[in-house]
Amino acid sequence: MNYKMMGRFIGNILMVEAVFMVPAMLISLWEREYASVRAFMWTLAAIILVVGLLKWLCRGSKNKFYAKEGLACVGLSWIVMSLLGCLPFCISGVIPNFVDAFFEIVSGFTTTGASILPQVEGLPRGILYWRSFSHWLGGMGVLVFLLAVSSMGGGDNGYTMHLLRAESPGPNVGKLVPKMRKTASILYLIYIMLTVLDIFFLVLGRMPLFEAVCTAFGTVGTGGFGIKNDSIASYSPYLQNVCTVFMLLCGVNFTCFYLLLLRQFKSVFKDEELRLYLGVVAGSILVIAWNIRGFYDTFEETLRHAAFQVATIMTTTGFATTDYEMWPGLSKTILLLLMIIGASAGSTGGGFKCGRVLLVLKSLRRSVQQIVHPQKVQVVRVNGQTIDEKVLQNTNAYLAAYAILSVASFLLISVDGFSITTNLSAVLACFNNIGPGFEAVGPTCNYAAYGTFSKLVLALDMLAGRLEIFPILILFSRTTWAHR
């Protein structure tokens with residue numbers, strides 16, 4: 001295990017975190033929120049101290065990096081980043097309890113949007129900005145950003161793929177172009193373009209600039225932290241529709257946007273995952289709109305709320321325009337299933353991913369065909385390409401880990417005495433990086449009532465869900481830390 005190289009990477013990541021914390025501090029200074037300014041200054045000092053220590057301890061590191069180091073480095077980076085990133089909440093007194101602050105920032109970085117705060121409108125603006133920006137930074141991934149702007153000291157010698165695969169959501173990650181640094185740059189350029197467009201259309205709808213920026217961070221990062229107590233409910237229908245469109249766009253595999261820029265329209269339209277994603281979205285909207293007819297005054301309002309809630313749940317954003325707890329059982333069941341399915345692989349959304357659902361369905365069909373025709377060689381194809389058996393094995397392993405960790409977390413948080421529906425939806429909402437669940441953790445509630453132990457379990461679920469489980473699991477494996 002190359003500990004020095006790992007320490008060097010973590011130091012670089014913390015420097016990125018420190019740089020992105022500066023605008024929040026400047027906003028606090030502009031707004032004369034001096035308690036927040038001091039909180040950010042102390043946090044920046046702590047980060048600089050840790051980075052300096054890591055740089056000194058890890059001097060002379062060798063550029064040898066394997067898959068094991070890549071997974072462990074990503075898992076450790078997100079934990080350390082969260083431990084330091086929550087300090088402004090604690091020091092400013094906004095969230096004085098460290099575990100609560102840790103839960104809040106993990107929810108931000110993992111784009112979950114689960115909160116322990118009952119009121120957000122009275123928070124200092126600098127804190128609100130940092131809280132919302134954590135979605136944007138975590139949406140694409142801080143390591144992807146680091147790969148985009150820096151050679152990481154090793155160019156494209158191979159280990160960068162281990163990092164990108166460990167942090168990028170989906171069953172498989174490949175290069176858009178031959179060099180990994182350029183691939184990361186393309187991903188972030190698309191991400192920035194979507195963010196700017198979202199801000200533009202929100203401001204066009206007369207949303208104040210600060211609110212538009214924070215809302216865009218949550219929408220494009222598919223996070224869900226709102227800056228109003230009612231999330232998006234009090235905004236105009238136009239603004240709600242803008243959020244719906246951009247949530248759905250950011251639930252699409254970013255490779256599709258790259259292909260569109262290259263004018264390879266046929267490749268995009270033939271993408272099986274995209275067709276599954278759009279089909280599930282359209283079908284869910286139609287069924288829910290039919291099911292909740294009569295709940296709202298007009299067809300437009302009914303369709304708008306149905307589309308928004310389908311978009312926010314399937315893309316795992318977590319915004320809300322209405323209390324879907326009041327909807328009929330069929331609509332809530334569909335939303336629960338959408339929590340599990342999630343967005344597309346290679347998007348900023350969470351969940352099991354449409355790509356994996358597609359692979360599981362095709363693998364199931366192959367198994368049935370092999371029973372009927374045992375002598376016939378069967379392969380799984382997606383978009384006309386044969387899927388490697390290793391990818392299918394990894395998908396099955398992910399499904400097993402997903403089920404085991406969900407059940408284990410469900411049992412562990414049950415000690416707090418909430419209902420089965422509350423606990424199950426809380427685990428699914430955190431593990432799939434959605435935010436709101438049902439009943440006591442529904443769209444009008446929060447996670448504050450859970451105990452310290454349960455919050456730590458749910459925070460671990462958020463990290464595991466965002467990082468595709470294995471970068472977190474590998475940290476608890478004895479062989480990870482064994483010497484070669």
# chains A, B, ... in the order shown; residues from 1 in each chain; ligands from 1
$ select_by_dssp --residues "range 276-471 of chain A" --states "strand (DSSP E)" --output "PDB file with C-alpha atoms, in the first residue's frame"
ATOM      1  CA  ARG A 381     -25.355  -6.963 -25.226  1.00  0.00           C
ATOM      2  CA  VAL A 382     -26.048  -3.295 -24.540  1.00  0.00           C
ATOM      3  CA  GLN A 385     -21.786  -4.278 -27.736  1.00  0.00           C
ATOM      4  CA  THR A 386     -21.063  -7.457 -25.800  1.00  0.00           C
TER       5      THR A 386
END
$ residues_around --residues "Gly218 in chain A" --least-positions-apart "3" --cutoff "8 Å" --atoms "only C-alpha atoms" --output "mmCIF file with N, CA and C atoms, in the first residue's frame"
data_model
loop_
_atom_site.group_PDB
_atom_site.id
_atom_site.type_symbol
_atom_site.label_atom_id
_atom_site.label_comp_id
_atom_site.auth_asym_id
_atom_site.auth_seq_id
_atom_site.Cartn_x
_atom_site.Cartn_y
_atom_site.Cartn_z
ATOM 1 N N THR A 111 -24.567 14.684 -2.208
ATOM 2 C CA THR A 111 -25.752 15.167 -2.938
ATOM 3 C C THR A 111 -27.022 14.455 -2.472
ATOM 4 N N SER A 132 -25.012 24.725 0.119
ATOM 5 C CA SER A 132 -25.501 24.425 -1.229
ATOM 6 C C SER A 132 -24.361 24.066 -2.172
ATOM 7 N N PHE A 133 -23.233 24.758 -2.029
ATOM 8 C CA PHE A 133 -22.108 24.486 -2.921
ATOM 9 C C PHE A 133 -21.541 23.083 -2.719
ATOM 10 N N HIS A 135 -23.110 20.466 -2.625
ATOM 11 C CA HIS A 135 -23.782 19.624 -3.620
ATOM 12 C C HIS A 135 -23.042 19.669 -4.951
ATOM 13 N N TRP A 136 -22.717 20.899 -5.372
ATOM 14 C CA TRP A 136 -22.094 21.061 -6.682
ATOM 15 C C TRP A 136 -20.712 20.414 -6.713
ATOM 16 N N CYS A 214 -27.671 29.137 -5.607
ATOM 17 C CA CYS A 214 -27.795 28.041 -4.634
ATOM 18 C C CYS A 214 -28.735 26.951 -5.140
ATOM 19 N N THR A 215 -29.834 27.359 -5.768
ATOM 20 C CA THR A 215 -30.782 26.385 -6.301
ATOM 21 C C THR A 215 -30.160 25.597 -7.446
ATOM 22 N N GLY A 221 -26.309 19.513 -9.338
ATOM 23 C CA GLY A 221 -25.623 18.499 -8.539
ATOM 24 C C GLY A 221 -26.555 17.412 -8.044
ATOM 25 N N THR A 222 -27.855 17.540 -8.377
ATOM 26 C CA THR A 222 -28.924 16.636 -7.910
ATOM 27 C C THR A 222 -28.804 16.408 -6.405
ATOM 28 N N GLY A 223 -28.693 17.531 -5.667
ATOM 29 C CA GLY A 223 -28.531 17.450 -4.219
ATOM 30 C C GLY A 223 -29.814 17.640 -3.448
ATOM 31 N N GLY A 224 -30.412 18.812 -3.524
ATOM 32 C CA GLY A 224 -31.703 19.006 -2.871
ATOM 33 C C GLY A 224 -31.738 19.905 -1.656
ATOM 34 N N PHE A 225 -30.588 20.447 -1.219
ATOM 35 C CA PHE A 225 -30.638 21.421 -0.130
ATOM 36 C C PHE A 225 -31.309 22.695 -0.648
ATOM 37 N N GLY A 226 -32.425 23.069 -0.054
ATOM 38 C CA GLY A 226 -33.083 24.309 -0.432
ATOM 39 C C GLY A 226 -32.661 25.439 0.493
ATOM 40 N N THR A 317 -32.574 13.992 -6.394
ATOM 41 C CA THR A 317 -32.298 15.370 -5.992
ATOM 42 C C THR A 317 -32.872 15.664 -4.609
#
$ residues_around --residues "range 468-481 of chain A" --least-positions-apart "5" --cutoff "6 Å" --atoms "only C-alpha atoms" --output "CSV table (one decimal) with C-alpha atoms, in the first residue's frame"
chain,number,residue,atom,x,y,z
A,71,LEU,CA,-10.5,2.8,-3.9
A,72,ALA,CA,-9.1,3.4,-0.4
A,75,GLY,CA,-13.1,6.6,0.5
$ atom_distance --atom1 "CA of Lys270 in chain A" --atom2 "CA of Cys256 in chain A"
10.5 Å
$ atom_distance --atom1 "CA of Ile47 in chain A" --atom2 "CA of Gly60 in chain A"
21.3 Å
$ closest_residue --among "A:Ser406, A:Thr183, A:Ser363, A:Thr333" --to "Ile387 in chain A" --atoms "only C-alpha atoms"
A:Ser363
$ residues_around --residues "Leu14 in chain A" --least-positions-apart "5" --cutoff "9 Å" --atoms "only C-alpha atoms" --output "number ranges by chain"
A: 9, 19, 47-48, 50-51, 77, 80-81, 84
$ write_last_selection --atoms "N, CA and C atoms" --output "CSV table (one decimal), in the first residue's frame"
chain,number,residue,atom,x,y,z
A,9,PHE,N,-2.4,12.7,-2.2
A,9,PHE,CA,-3.7,12.9,-2.9
A,9,PHE,C,-4.7,13.6,-2.0
A,19,VAL,N,-9.9,26.0,-1.2
A,19,VAL,CA,-10.1,27.1,-2.3
A,19,VAL,C,-11.5,27.4,-2.5
A,47,ILE,N,-7.4,23.3,7.8
A,47,ILE,CA,-7.1,22.6,6.6
A,47,ILE,C,-5.7,22.8,6.1
A,48,ILE,N,-5.2,24.0,6.2
A,48,ILE,CA,-3.8,24.3,5.8
A,48,ILE,C,-2.9,23.6,6.7
A,50,VAL,N,-3.4,20.7,8.3
A,50,VAL,CA,-3.5,19.2,7.9
A,50,VAL,C,-2.7,19.0,6.6
A,51,VAL,N,-3.0,19.9,5.6
A,51,VAL,CA,-2.3,19.7,4.3
A,51,VAL,C,-0.8,19.8,4.5
A,77,SER,N,-10.6,10.1,1.3
A,77,SER,CA,-10.7,11.5,0.9
A,77,SER,C,-12.0,12.1,1.3
A,80,VAL,N,-12.4,12.4,5.2
A,80,VAL,CA,-11.6,13.5,5.7
A,80,VAL,C,-12.1,14.9,5.3
A,81,MET,N,-12.5,15.0,4.0
A,81,MET,CA,-13.1,16.2,3.5
A,81,MET,C,-14.4,16.6,4.3
A,84,LEU,N,-13.6,17.9,8.0
A,84,LEU,CA,-13.1,19.3,8.0
A,84,LEU,C,-14.2,20.2,7.4
$ atom_distance --atom1 "CA of Asn433 in chain A" --atom2 "CA of Gly351 in chain A"
6.8 Å
$ select_by_dssp --residues "range 329-476 of chain A" --states "helix (DSSP H, G or I)" --output "MDAnalysis selection string"
chainID A and resid 329:341 354:372 389:416 420:431 439:441 452:466 470:476
$ residues_around --residues "Ser409 in chain A" --least-positions-apart "6" --cutoff "12 Å" --atoms "only C-alpha atoms" --output "NGL selection string"
:A and (401-403 or 415 or 423-431 or 453-462 or 464)
$ write_last_selection --atoms "N, CA and C atoms" --output "CSV table (one decimal), in the first residue's frame"
chain,number,residue,atom,x,y,z
A,401,ALA,N,-24.2,-6.5,-2.3
A,401,ALA,CA,-23.7,-5.6,-1.3
A,401,ALA,C,-24.8,-4.5,-0.9
A,402,TYR,N,-25.4,-4.1,-2.0
A,402,TYR,CA,-26.5,-3.1,-1.8
A,402,TYR,C,-27.6,-3.6,-0.9
A,403,ALA,N,-28.0,-4.9,-1.2
A,403,ALA,CA,-29.1,-5.5,-0.4
A,403,ALA,C,-28.7,-5.7,1.1
A,415,VAL,N,-33.2,0.9,16.3
A,415,VAL,CA,-33.1,1.0,17.8
A,415,VAL,C,-33.8,2.3,18.3
A,423,ASN,N,-38.1,4.1,9.0
A,423,ASN,CA,-36.7,3.5,9.0
A,423,ASN,C,-36.3,3.0,7.6
A,424,LEU,N,-37.2,2.3,6.9
A,424,LEU,CA,-36.9,1.8,5.6
A,424,LEU,C,-36.6,2.9,4.6
A,425,SER,N,-37.5,3.8,4.6
A,425,SER,CA,-37.4,4.9,3.6
A,425,SER,C,-36.2,5.8,4.0
A,426,ALA,N,-35.9,5.9,5.3
A,426,ALA,CA,-34.7,6.7,5.6
A,426,ALA,C,-33.4,6.1,5.1
A,427,VAL,N,-33.3,4.7,5.2
A,427,VAL,CA,-32.2,4.0,4.7
A,427,VAL,C,-32.1,4.1,3.2
A,428,LEU,N,-33.2,3.9,2.5
A,428,LEU,CA,-33.2,4.0,1.1
A,428,LEU,C,-32.9,5.4,0.6
A,429,ALA,N,-33.5,6.4,1.3
A,429,ALA,CA,-33.3,7.8,0.9
A,429,ALA,C,-31.8,8.2,1.1
A,430,CYS,N,-31.2,7.7,2.1
A,430,CYS,CA,-29.8,8.1,2.4
A,430,CYS,C,-28.8,7.2,1.5
A,431,PHE,N,-29.1,5.9,1.4
A,431,PHE,CA,-28.2,5.1,0.6
A,431,PHE,C,-28.3,5.4,-0.9
A,453,PHE,N,-26.0,7.5,17.0
A,453,PHE,CA,-25.6,6.3,16.4
A,453,PHE,C,-26.3,6.2,15.0
A,454,SER,N,-27.6,6.4,14.9
A,454,SER,CA,-28.3,6.2,13.7
A,454,SER,C,-27.8,7.3,12.6
A,455,LYS,N,-27.5,8.5,13.1
A,455,LYS,CA,-27.1,9.5,12.2
A,455,LYS,C,-25.7,9.1,11.6
A,456,LEU,N,-24.9,8.5,12.4
A,456,LEU,CA,-23.6,8.0,11.8
A,456,LEU,C,-23.8,6.8,10.8
A,457,VAL,N,-24.7,5.9,11.1
A,457,VAL,CA,-25.0,4.9,10.2
A,457,VAL,C,-25.5,5.4,8.9
A,458,LEU,N,-26.5,6.4,9.0
A,458,LEU,CA,-27.0,7.0,7.8
A,458,LEU,C,-26.0,7.8,7.0
A,459,ALA,N,-25.1,8.4,7.7
A,459,ALA,CA,-24.0,9.2,7.1
A,459,ALA,C,-23.1,8.2,6.3
A,460,LEU,N,-22.8,7.1,6.9
A,460,LEU,CA,-22.0,6.0,6.2
A,460,LEU,C,-22.8,5.5,5.0
A,461,ASP,N,-24.1,5.4,5.1
A,461,ASP,CA,-24.9,4.9,4.0
A,461,ASP,C,-24.8,5.9,2.8
A,462,MET,N,-24.8,7.2,3.2
A,462,MET,CA,-24.7,8.3,2.1
A,462,MET,C,-23.4,8.2,1.4
A,464,ALA,N,-21.4,5.5,1.2
A,464,ALA,CA,-21.4,4.3,0.5
A,464,ALA,C,-22.2,4.4,-0.8
$ closest_residue --among "A:Glu211, A:Arg293, A:Ala184, A:Leu276" --to "Tyr258 in chain A" --atoms "only C-alpha atoms"
A:Ala184
$ closest_residue --among "A:Gly318, A:Gly294, A:Gly85, A:Gly7" --to "Val441 in chain A" --atoms "only C-alpha atoms"
A:Gly318
$ closest_residue --among "A:Asn12, A:Thr302, A:Thr348, A:Gln309" --to "Phe109 in chain A" --atoms "only C-alpha atoms"
A:Thr348
$ decode --residues "range 11-53 of chain A" --atoms "N, CA and C atoms" --output "short mmCIF file (atom, residue, chain, number, x, y, z; two decimals), in the first residue's frame"
data_model
loop_
_atom_site.label_atom_id
_atom_site.label_comp_id
_atom_site.auth_asym_id
_atom_site.auth_seq_id
_atom_site.Cartn_x
_atom_site.Cartn_y
_atom_site.Cartn_z
N GLY A 11 -4.08 15.39 0.58
CA GLY A 11 -3.66 16.77 0.77
C GLY A 11 -4.11 17.66 -0.38
N ASN A 12 -3.98 17.16 -1.62
CA ASN A 12 -4.43 17.92 -2.78
C ASN A 12 -5.93 18.16 -2.76
N ILE A 13 -6.67 17.15 -2.34
CA ILE A 13 -8.13 17.26 -2.28
C ILE A 13 -8.54 18.29 -1.25
N LEU A 14 -7.87 18.28 -0.09
CA LEU A 14 -8.18 19.25 0.95
C LEU A 14 -7.86 20.68 0.50
N MET A 15 -6.84 20.83 -0.33
CA MET A 15 -6.53 22.15 -0.86
C MET A 15 -7.66 22.64 -1.78
N VAL A 16 -8.22 21.74 -2.58
CA VAL A 16 -9.37 22.09 -3.42
C VAL A 16 -10.53 22.53 -2.55
N GLU A 17 -10.78 21.78 -1.47
CA GLU A 17 -11.85 22.14 -0.55
C GLU A 17 -11.62 23.52 0.04
N ALA A 18 -10.37 23.81 0.42
CA ALA A 18 -10.05 25.11 1.02
C ALA A 18 -10.29 26.25 0.02
N VAL A 19 -9.87 26.05 -1.23
CA VAL A 19 -10.06 27.07 -2.26
C VAL A 19 -11.53 27.37 -2.47
N PHE A 20 -12.35 26.32 -2.51
CA PHE A 20 -13.78 26.52 -2.75
C PHE A 20 -14.52 27.04 -1.52
N MET A 21 -13.87 27.02 -0.38
CA MET A 21 -14.48 27.57 0.83
C MET A 21 -14.32 29.09 0.89
N VAL A 22 -13.35 29.63 0.17
CA VAL A 22 -13.06 31.06 0.21
C VAL A 22 -14.27 31.91 -0.24
N PRO A 23 -14.95 31.58 -1.36
CA PRO A 23 -16.12 32.39 -1.73
C PRO A 23 -17.19 32.46 -0.65
N ALA A 24 -17.40 31.36 0.08
CA ALA A 24 -18.37 31.37 1.18
C ALA A 24 -17.94 32.34 2.26
N MET A 25 -16.64 32.37 2.55
CA MET A 25 -16.12 33.30 3.56
C MET A 25 -16.28 34.74 3.08
N LEU A 26 -16.04 35.00 1.79
CA LEU A 26 -16.18 36.35 1.26
C LEU A 26 -17.64 36.81 1.29
N ILE A 27 -18.55 35.90 1.02
CA ILE A 27 -19.98 36.24 1.12
C ILE A 27 -20.34 36.61 2.55
N SER A 28 -19.81 35.85 3.50
CA SER A 28 -20.04 36.15 4.92
C SER A 28 -19.48 37.52 5.28
N LEU A 29 -18.30 37.82 4.73
CA LEU A 29 -17.68 39.12 5.00
C LEU A 29 -18.51 40.25 4.40
N TRP A 30 -19.01 40.05 3.19
CA TRP A 30 -19.84 41.05 2.53
C TRP A 30 -21.13 41.29 3.30
N GLU A 31 -21.70 40.22 3.84
CA GLU A 31 -22.95 40.31 4.59
C GLU A 31 -22.73 40.69 6.06
N ARG A 32 -21.48 40.88 6.43
CA ARG A 32 -21.10 41.22 7.81
C ARG A 32 -21.55 40.15 8.81
N GLU A 33 -21.41 38.94 8.40
CA GLU A 33 -21.71 37.79 9.28
C GLU A 33 -20.40 37.35 9.92
N TYR A 34 -19.98 38.08 10.92
CA TYR A 34 -18.62 37.93 11.44
C TYR A 34 -18.39 36.59 12.15
N ALA A 35 -19.43 36.04 12.73
CA ALA A 35 -19.29 34.71 13.35
C ALA A 35 -18.97 33.66 12.28
N SER A 36 -19.61 33.80 11.12
CA SER A 36 -19.36 32.87 10.01
C SER A 36 -17.97 33.10 9.43
N VAL A 37 -17.55 34.37 9.34
CA VAL A 37 -16.21 34.68 8.83
C VAL A 37 -15.15 34.01 9.70
N ARG A 38 -15.31 34.15 11.02
CA ARG A 38 -14.34 33.52 11.94
C ARG A 38 -14.37 32.00 11.78
N ALA A 39 -15.56 31.44 11.58
CA ALA A 39 -15.68 29.98 11.43
C ALA A 39 -14.93 29.50 10.20
N PHE A 40 -15.09 30.22 9.08
CA PHE A 40 -14.40 29.83 7.85
C PHE A 40 -12.89 30.04 7.98
N MET A 41 -12.48 31.10 8.67
CA MET A 41 -11.04 31.36 8.84
C MET A 41 -10.39 30.26 9.68
N TRP A 42 -11.04 29.87 10.77
CA TRP A 42 -10.50 28.81 11.60
C TRP A 42 -10.47 27.48 10.84
N THR A 43 -11.49 27.23 10.05
CA THR A 43 -11.54 26.00 9.27
C THR A 43 -10.42 25.98 8.22
N LEU A 44 -10.24 27.11 7.53
CA LEU A 44 -9.17 27.19 6.54
C LEU A 44 -7.80 26.99 7.19
N ALA A 45 -7.62 27.55 8.39
CA ALA A 45 -6.36 27.36 9.12
C ALA A 45 -6.15 25.88 9.45
N ALA A 46 -7.21 25.21 9.87
CA ALA A 46 -7.12 23.78 10.19
C ALA A 46 -6.78 22.96 8.95
N ILE A 47 -7.41 23.29 7.82
CA ILE A 47 -7.13 22.56 6.58
C ILE A 47 -5.70 22.77 6.13
N ILE A 48 -5.22 24.01 6.19
CA ILE A 48 -3.84 24.31 5.80
C ILE A 48 -2.86 23.56 6.69
N LEU A 49 -3.16 23.48 7.98
CA LEU A 49 -2.30 22.75 8.92
C LEU A 49 -2.25 21.27 8.56
N VAL A 50 -3.40 20.68 8.30
CA VAL A 50 -3.46 19.25 7.93
C VAL A 50 -2.74 19.00 6.62
N VAL A 51 -2.97 19.88 5.63
CA VAL A 51 -2.30 19.73 4.33
C VAL A 51 -0.78 19.83 4.49
N GLY A 52 -0.33 20.81 5.26
CA GLY A 52 1.10 20.97 5.49
C GLY A 52 1.71 19.74 6.13
N LEU A 53 1.00 19.17 7.11
CA LEU A 53 1.48 17.97 7.78
C LEU A 53 1.55 16.79 6.81
#
